[in-house]
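Each remark here refers to the structure printed beneath this line.
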Amino acid sequence: MFLALNIANRLLVKEADPYLLPFAALLSGLGLLMIWRLKPNLATAQSMWILAGTIAALITLVAVRRYQWLKEYKYTWAILGILLLFSPIFIGVERGGSKLWLVLGPFTFQPAEMAKLLFVFFLAAYLEEKRELLSISTRRAFKIWLPELKHLGPLIVMWLMSLVILVLERDMGTSLLFFGLFLAMLYVATGRPMYVTLGSFLFVAGATACYFAFSHIQTRVDIWLDPWMDPSGKGYQIIQSIFAIASGGLAGTGLGLGHPTLIPAVQTDFIFSAIAEELGLLGGTAIILIYLLFISRGLHIALSATDNFGRLVATGLACVFALQSFTILGGTTKLIPLTGVTLPFISYGGSSILMNFILLALFLAVSAKRDGAGE
Amino acid sequence: MNKRISRLGAVFTALFLLLTVNLTYMQFFAADSLTARPENIRPLLNDKRIKRGDIISADEVVLATTKKSADGYKRSYPKAEIAAPITGFYSHKYGRAGLELTFDEYLSGQTKVSSIDDYIKRLLGREAPGNNITLTINIELQRTAMRALGSKKGAIVALNPKTGAVLALASRPSYDPNEVDSHWAELSKNPDGVMLNRALQGRFTPGSSFKIITAAAALQDNVTTVDKIYDASSTVKIYGGKVTNYEGKSYGKLSFAEAFAKSANTVFAQIGKELGGAKLVDMAKSFGFADKIPFDLPTAQSRIPAASQMDDLEVAWAAVGQGRIQATPLTMALAGAAVANNGTIMQPYVVENIREHDGNTVYEHRPSTWQTPMSQTTAETIKSLMEKVVSEGTGKAARIDGVQVAGKTGTAEVGQKKPHAWFVGFAPADNPQVAVAVIIENGGVGGSVAAPIAREIILSALGKQR
């Protein structure tokens, strides 16, 4: 059913990048298969979300075919984004220690997912307009380019915003993602590594302060450093994930033959551990490489875009996608501290699926425009 | 701007390659150690899905089998504590022991995937049940041995000296492997060590049963002959110390053969002194004191101090099997078997063959020589000495009408407690079918405690084998 829609989708935008849609179809198809195997009662809901995702992608494609209009409303996106991002603090519900959820009738909704896209629009538009200013008006001190103080405003604002997410919503993943996105786009737009250095320094300082000030962040890091200190309590989830991955070996146990359901939240954040267990190193590596290919296609679209706004939008989208998938892939494999974000296209979850299909449509729109202009 | 986008791409590529490197480490290099961690219940969950193979005695009695229960397969041991020294136990919670441990891969059928075909089978969930193991154990003889030990602490090893096939492997106290899950605390903390297989892992002072080895060294080295006459008074002085006969008996003048039959310590002390530590230790090592005996079940190493660490007095005591010498019952049974089998020790084994569930043989034991500590001539001489022990010496309690039994008793003194009672022997002397070692821990005098038990075992073994 959704496969048919995918084909229709592909026909409709055939002038666009030919790789992204098959990747998305593959990933969401695999995700559906895994959810069917892990939590069969959620599989129908997930296929409905994928269906809704493809429809949302179609609508987006129609709406933003000429995506330049998006930059006219950049402050609208910023305000909307901030509202979405911070709404859970006031009217949200807490789940799994993080306050990220809005309840709308029968649905729960993670507004941060949509806010990510809106911020990409805002930053792309803002930086396109200000990039000359931000990169030229610098002064030289000790042979290093230093930006003028007044232009540090946006940096400070983003920094504070990330810390607010970290502290009030208890969401390290989203916090890191927003700030990383901002720094990457700032660097690409201005070409001043100083921003990145300064920004990273600020974030590390802020995060360190939070580590000592807030116990839940401390706990997360401590578990990452040594999960074996509390294997049946706080370290249980990551240890079960490690065991699942280890038992996969080279070729995996085979679908349905592992024990991935031992991992709490396996269908959302930890779905990659289940894949690594049942499909092994070969399957796991294939998935990682598909994500990398998806990102490289995204950056390729950015490189080929004919205008700076399109270029920055595509870069931003690629960053969102890359940071999000790296955060959760690294988290479940204990490469970096675990933060609860979903694995794009594969994890169970409505907001995540919708957001990623819209992201896909935006990529296609930017790439389609390029080809249209080229003809 | 494009250059910077490419750079960003390079950073992402590096990050994702780091992910694959880390994944490779976890799934390939660290996989086994992670899987082996005690917190990991996956191996046990996997085991519950597998129908383990059966363990079957030589006379086709099932000693261990697998039954289906509500939450997966469960192991069952129809012969309970009788066969426990051989089967060991298999528990989802507490691991495994005995053959369940040493032949785990065969029993579970979980040998490493060796072919694409195996892998496809595994993917399709068509895992074959485990392999069945057939033993050399004769369950009737095993039961006789376990009953003969009764409530006493001790061990019995009976084997075929011509092939090395172990016919019975008894150890008391024993335990019921069916109760491991329900009674773990009391079984594992039992002060008598019910889970210790004394026959293979118990180390005991061998006492006079060690004189078989001393005699082999002395005869092989021409230090003595059967007819050589010795002074066998109650005490012999050696470098400021003394060696005494058991309970201080004095025998006057004795030939070497008579001294062996009567187990006169003073004579063997003189021989030990004359032989020297190095030759005695070398002979013990070629009888299997050098290393753990390779076997289908875990064994402990029998011990003898290095010659350089013994003074003459200790060498003299070592020649009578006292001091820092410690032997496992299996080692002593093999010493008897060496004499029975013309000076050659066959590689001992308990697993006859292993078959897949469809009857396909995957392993079959072929008898092979393990050690040759002495010449055939020496073995013949010691055989005649050991016949004399049973016919007119300390081992008369092992005599059987119509069957010539050869043996050597041992009464190993262990400080304040009662001595260990030993009997090492074989029968029939002219065509040995069974070699046996019996030890009763702190049981008393070998000739009156261990010899009658050995007689029972030999009777049972010959009755079955004829």
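For the structure tokens, the naming scheme is as follows: chains receive sequential letters (A, B, ...) according to their order of presentation, residues are indexed from 1 within each chain, and ligands are indexed from 1 in presentation order.
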So that I can see what lies close to stretch 174-184 of chain A, please list as a list in words the residues with an atom at most 7 Å from it, counting only C-alpha atoms and leaving out residues fewer than 3 positions away in the same chain.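 The neighbour list is Met158, Trp159, Ser162, Leu163, Ile165, Leu166, Asp171, Tyr187, Val188, Val196, Gly199, Gly316, Cys319, Val320, Leu323 and Gln324 of chain A.
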Please save N, CA and C atoms of the selected residues as a PDB file, in the first residue's frame.
ATOM      1  N   MET A 158      21.366  31.124  20.924  1.00  0.00           N
ATOM      2  CA  MET A 158      21.231  29.687  20.649  1.00  0.00           C
ATOM      3  C   MET A 158      21.782  28.851  21.799  1.00  0.00           C
ATOM      4  N   TRP A 159      22.881  29.362  22.367  1.00  0.00           N
ATOM      5  CA  TRP A 159      23.518  28.638  23.468  1.00  0.00           C
ATOM      6  C   TRP A 159      22.563  28.538  24.654  1.00  0.00           C
ATOM      7  N   SER A 162      19.743  26.115  23.969  1.00  0.00           N
ATOM      8  CA  SER A 162      20.132  24.707  24.117  1.00  0.00           C
ATOM      9  C   SER A 162      20.185  24.308  25.587  1.00  0.00           C
ATOM     10  N   LEU A 163      20.707  25.231  26.409  1.00  0.00           N
ATOM     11  CA  LEU A 163      20.811  24.914  27.838  1.00  0.00           C
ATOM     12  C   LEU A 163      19.428  24.810  28.463  1.00  0.00           C
ATOM     13  N   ILE A 165      16.734  23.780  26.977  1.00  0.00           N
ATOM     14  CA  ILE A 165      16.198  22.454  26.619  1.00  0.00           C
ATOM     15  C   ILE A 165      16.813  21.380  27.508  1.00  0.00           C
ATOM     16  N   LEU A 166      18.097  21.528  27.696  1.00  0.00           N
ATOM     17  CA  LEU A 166      18.826  20.532  28.487  1.00  0.00           C
ATOM     18  C   LEU A 166      18.311  20.483  29.916  1.00  0.00           C
ATOM     19  N   ASP A 171      16.469  16.958  28.044  1.00  0.00           N
ATOM     20  CA  ASP A 171      16.667  16.269  26.782  1.00  0.00           C
ATOM     21  C   ASP A 171      18.022  16.636  26.194  1.00  0.00           C
ATOM     22  N   TYR A 187      29.052  27.850  10.461  1.00  0.00           N
ATOM     23  CA  TYR A 187      30.371  27.640   9.859  1.00  0.00           C
ATOM     24  C   TYR A 187      30.270  27.627   8.333  1.00  0.00           C
ATOM     25  N   VAL A 188      29.310  26.869   7.816  1.00  0.00           N
ATOM     26  CA  VAL A 188      29.154  26.773   6.360  1.00  0.00           C
ATOM     27  C   VAL A 188      28.832  28.147   5.770  1.00  0.00           C
ATOM     28  N   VAL A 196      32.804  28.190  15.485  1.00  0.00           N
ATOM     29  CA  VAL A 196      32.664  26.798  15.917  1.00  0.00           C
ATOM     30  C   VAL A 196      33.455  26.558  17.195  1.00  0.00           C
ATOM     31  N   GLY A 199      31.762  28.415  19.989  1.00  0.00           N
ATOM     32  CA  GLY A 199      30.484  27.761  20.293  1.00  0.00           C
ATOM     33  C   GLY A 199      30.695  26.441  21.016  1.00  0.00           C
ATOM     34  N   GLY A 316      21.427  22.278   6.267  1.00  0.00           N
ATOM     35  CA  GLY A 316      20.783  22.182   7.578  1.00  0.00           C
ATOM     36  C   GLY A 316      20.035  20.873   7.743  1.00  0.00           C
ATOM     37  N   CYS A 319      22.386  18.116   8.237  1.00  0.00           N
ATOM     38  CA  CYS A 319      22.926  18.152   9.609  1.00  0.00           C
ATOM     39  C   CYS A 319      21.943  17.547  10.600  1.00  0.00           C
ATOM     40  N   VAL A 320      20.667  17.957  10.493  1.00  0.00           N
ATOM     41  CA  VAL A 320      19.659  17.419  11.405  1.00  0.00           C
ATOM     42  C   VAL A 320      19.664  15.906  11.315  1.00  0.00           C
ATOM     43  N   LEU A 323      23.154  14.378  12.598  1.00  0.00           N
ATOM     44  CA  LEU A 323      23.346  14.463  14.046  1.00  0.00           C
ATOM     45  C   LEU A 323      22.389  13.534  14.769  1.00  0.00           C
ATOM     46  N   GLN A 324      21.136  13.518  14.293  1.00  0.00           N
ATOM     47  CA  GLN A 324      20.152  12.673  14.954  1.00  0.00           C
ATOM     48  C   GLN A 324      20.528  11.200  14.823  1.00  0.00           C
TER      49      GLN A 324
END
Taking only C-alpha atoms into account, find every residue of chain B that has an atom no more than 6 Å from chain A, and write it out as a JSON list (two decimals) with N, CA and C atoms, in the first residue's frame.
[["chain", "number", "residue", "atom", "x", "y", "z"],
["B", 1, "MET", "N", 31.59, 28.47, -0.13],
["B", 1, "MET", "CA", 30.63, 27.75, 0.72],
["B", 1, "MET", "C", 30.65, 26.25, 0.42],
["B", 2, "ASN", "N", 30.86, 25.91, -0.87],
["B", 2, "ASN", "CA", 30.84, 24.50, -1.24],
["B", 2, "ASN", "C", 31.98, 23.71, -0.59],
["B", 4, "ARG", "N", 33.24, 24.27, 2.25],
["B", 4, "ARG", "CA", 32.89, 24.02, 3.65],
["B", 4, "ARG", "C", 31.84, 22.93, 3.79],
["B", 20, "THR", "N", 30.97, 2.30, 12.50],
["B", 20, "THR", "CA", 31.16, 0.94, 11.99],
["B", 20, "THR", "C", 32.36, 0.26, 12.67],
["B", 26, "MET", "N", 32.52, -4.45, 18.76],
["B", 26, "MET", "CA", 31.53, -5.07, 19.66],
["B", 26, "MET", "C", 31.06, -6.43, 19.15],
["B", 27, "GLN", "N", 30.85, -6.54, 17.84],
["B", 27, "GLN", "CA", 30.23, -7.76, 17.33],
["B", 27, "GLN", "C", 31.25, -8.81, 16.94],
["B", 28, "PHE", "N", 32.49, -8.41, 16.81],
["B", 28, "PHE", "CA", 33.47, -9.37, 16.36],
["B", 28, "PHE", "C", 34.53, -9.63, 17.43],
["B", 31, "ALA", "N", 32.81, -9.75, 21.16],
["B", 31, "ALA", "CA", 31.53, -10.46, 21.26],
["B", 31, "ALA", "C", 31.57, -11.60, 22.27],
["B", 123, "LEU", "N", 19.29, -19.97, 10.28],
["B", 123, "LEU", "CA", 18.43, -18.84, 9.94],
["B", 123, "LEU", "C", 16.99, -19.28, 9.84]]
I need the residue nearest A:Tyr126 from this list: A:Thr76, A:Thr60, A:Gln218, A:Ser352. Use only C-alpha atoms for the distance.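 Selected residue with least distance to A:Tyr126: A:Thr76.
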Using DSSP on the backbone coordinates, identify all residues within stretch 127-351 of chain B classified as helix (DSSP H, G or I); present the result as JSON, numbers by chain. {"B": [139, 140, 141, 142, 143, 144, 145, 146, 147, 148, 149, 177, 178, 179, 184, 185, 186, 187, 188, 198, 199, 200, 201, 207, 208, 209, 210, 211, 212, 213, 214, 215, 216, 217, 218, 219, 220, 246, 247, 248, 256, 257, 258, 259, 260, 261, 262, 265, 266, 267, 268, 269, 270, 271, 272, 273, 274, 275, 277, 278, 279, 280, 281, 282, 283, 284, 285, 286, 287, 288, 289, 307, 308, 309, 312, 313, 314, 315, 316, 317, 318, 319, 329, 330, 331, 332, 333, 334, 335, 336, 337, 338, 339, 340]}
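Distances from A:Val62, A:Tyr19, A:Met194, A:Leu186 to A:Lys130 were compared using only C-alpha atoms, and the smallest one belongs to A:Leu186.
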Quick one: of A:Ala209, A:Leu279, A:Val366, A:Leu133, who's nearest to A:Val167, counting only C-alpha atoms?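 Between A:Ala209, A:Leu279, A:Val366, A:Leu133, the residue approaching A:Val167 most closely is A:Ala209.
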Determine, counting only C-alpha atoms, which protein, DNA and RNA residues have an atom within 10 Å of an atom of stretch 140-156 of chain B; residues of the same chain fewer than 6 positions away are not included. Present the result as a VMD selection string. chain B and resid 57 59 61 79 81 to 83 85 to 86 167 to 174 192 194 197 to 200 202 328 to 330 333 420 to 424 436 to 443 450 452 to 454 456 to 464
Quick one: everything within 10 Å of A:Ser47, counting only C-alpha atoms, minus sequence neighbours fewer than 5 positions away in the same chain. Send it as JSON, numbers by chain. {"A": [1, 2, 28, 29, 31, 32, 33, 35, 36, 42, 52, 53, 348, 350]}
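Closest to A:Val120 among A:Leu21, A:Gly153, A:Ile82, A:Trp77 is A:Trp77, based on only C-alpha atoms.
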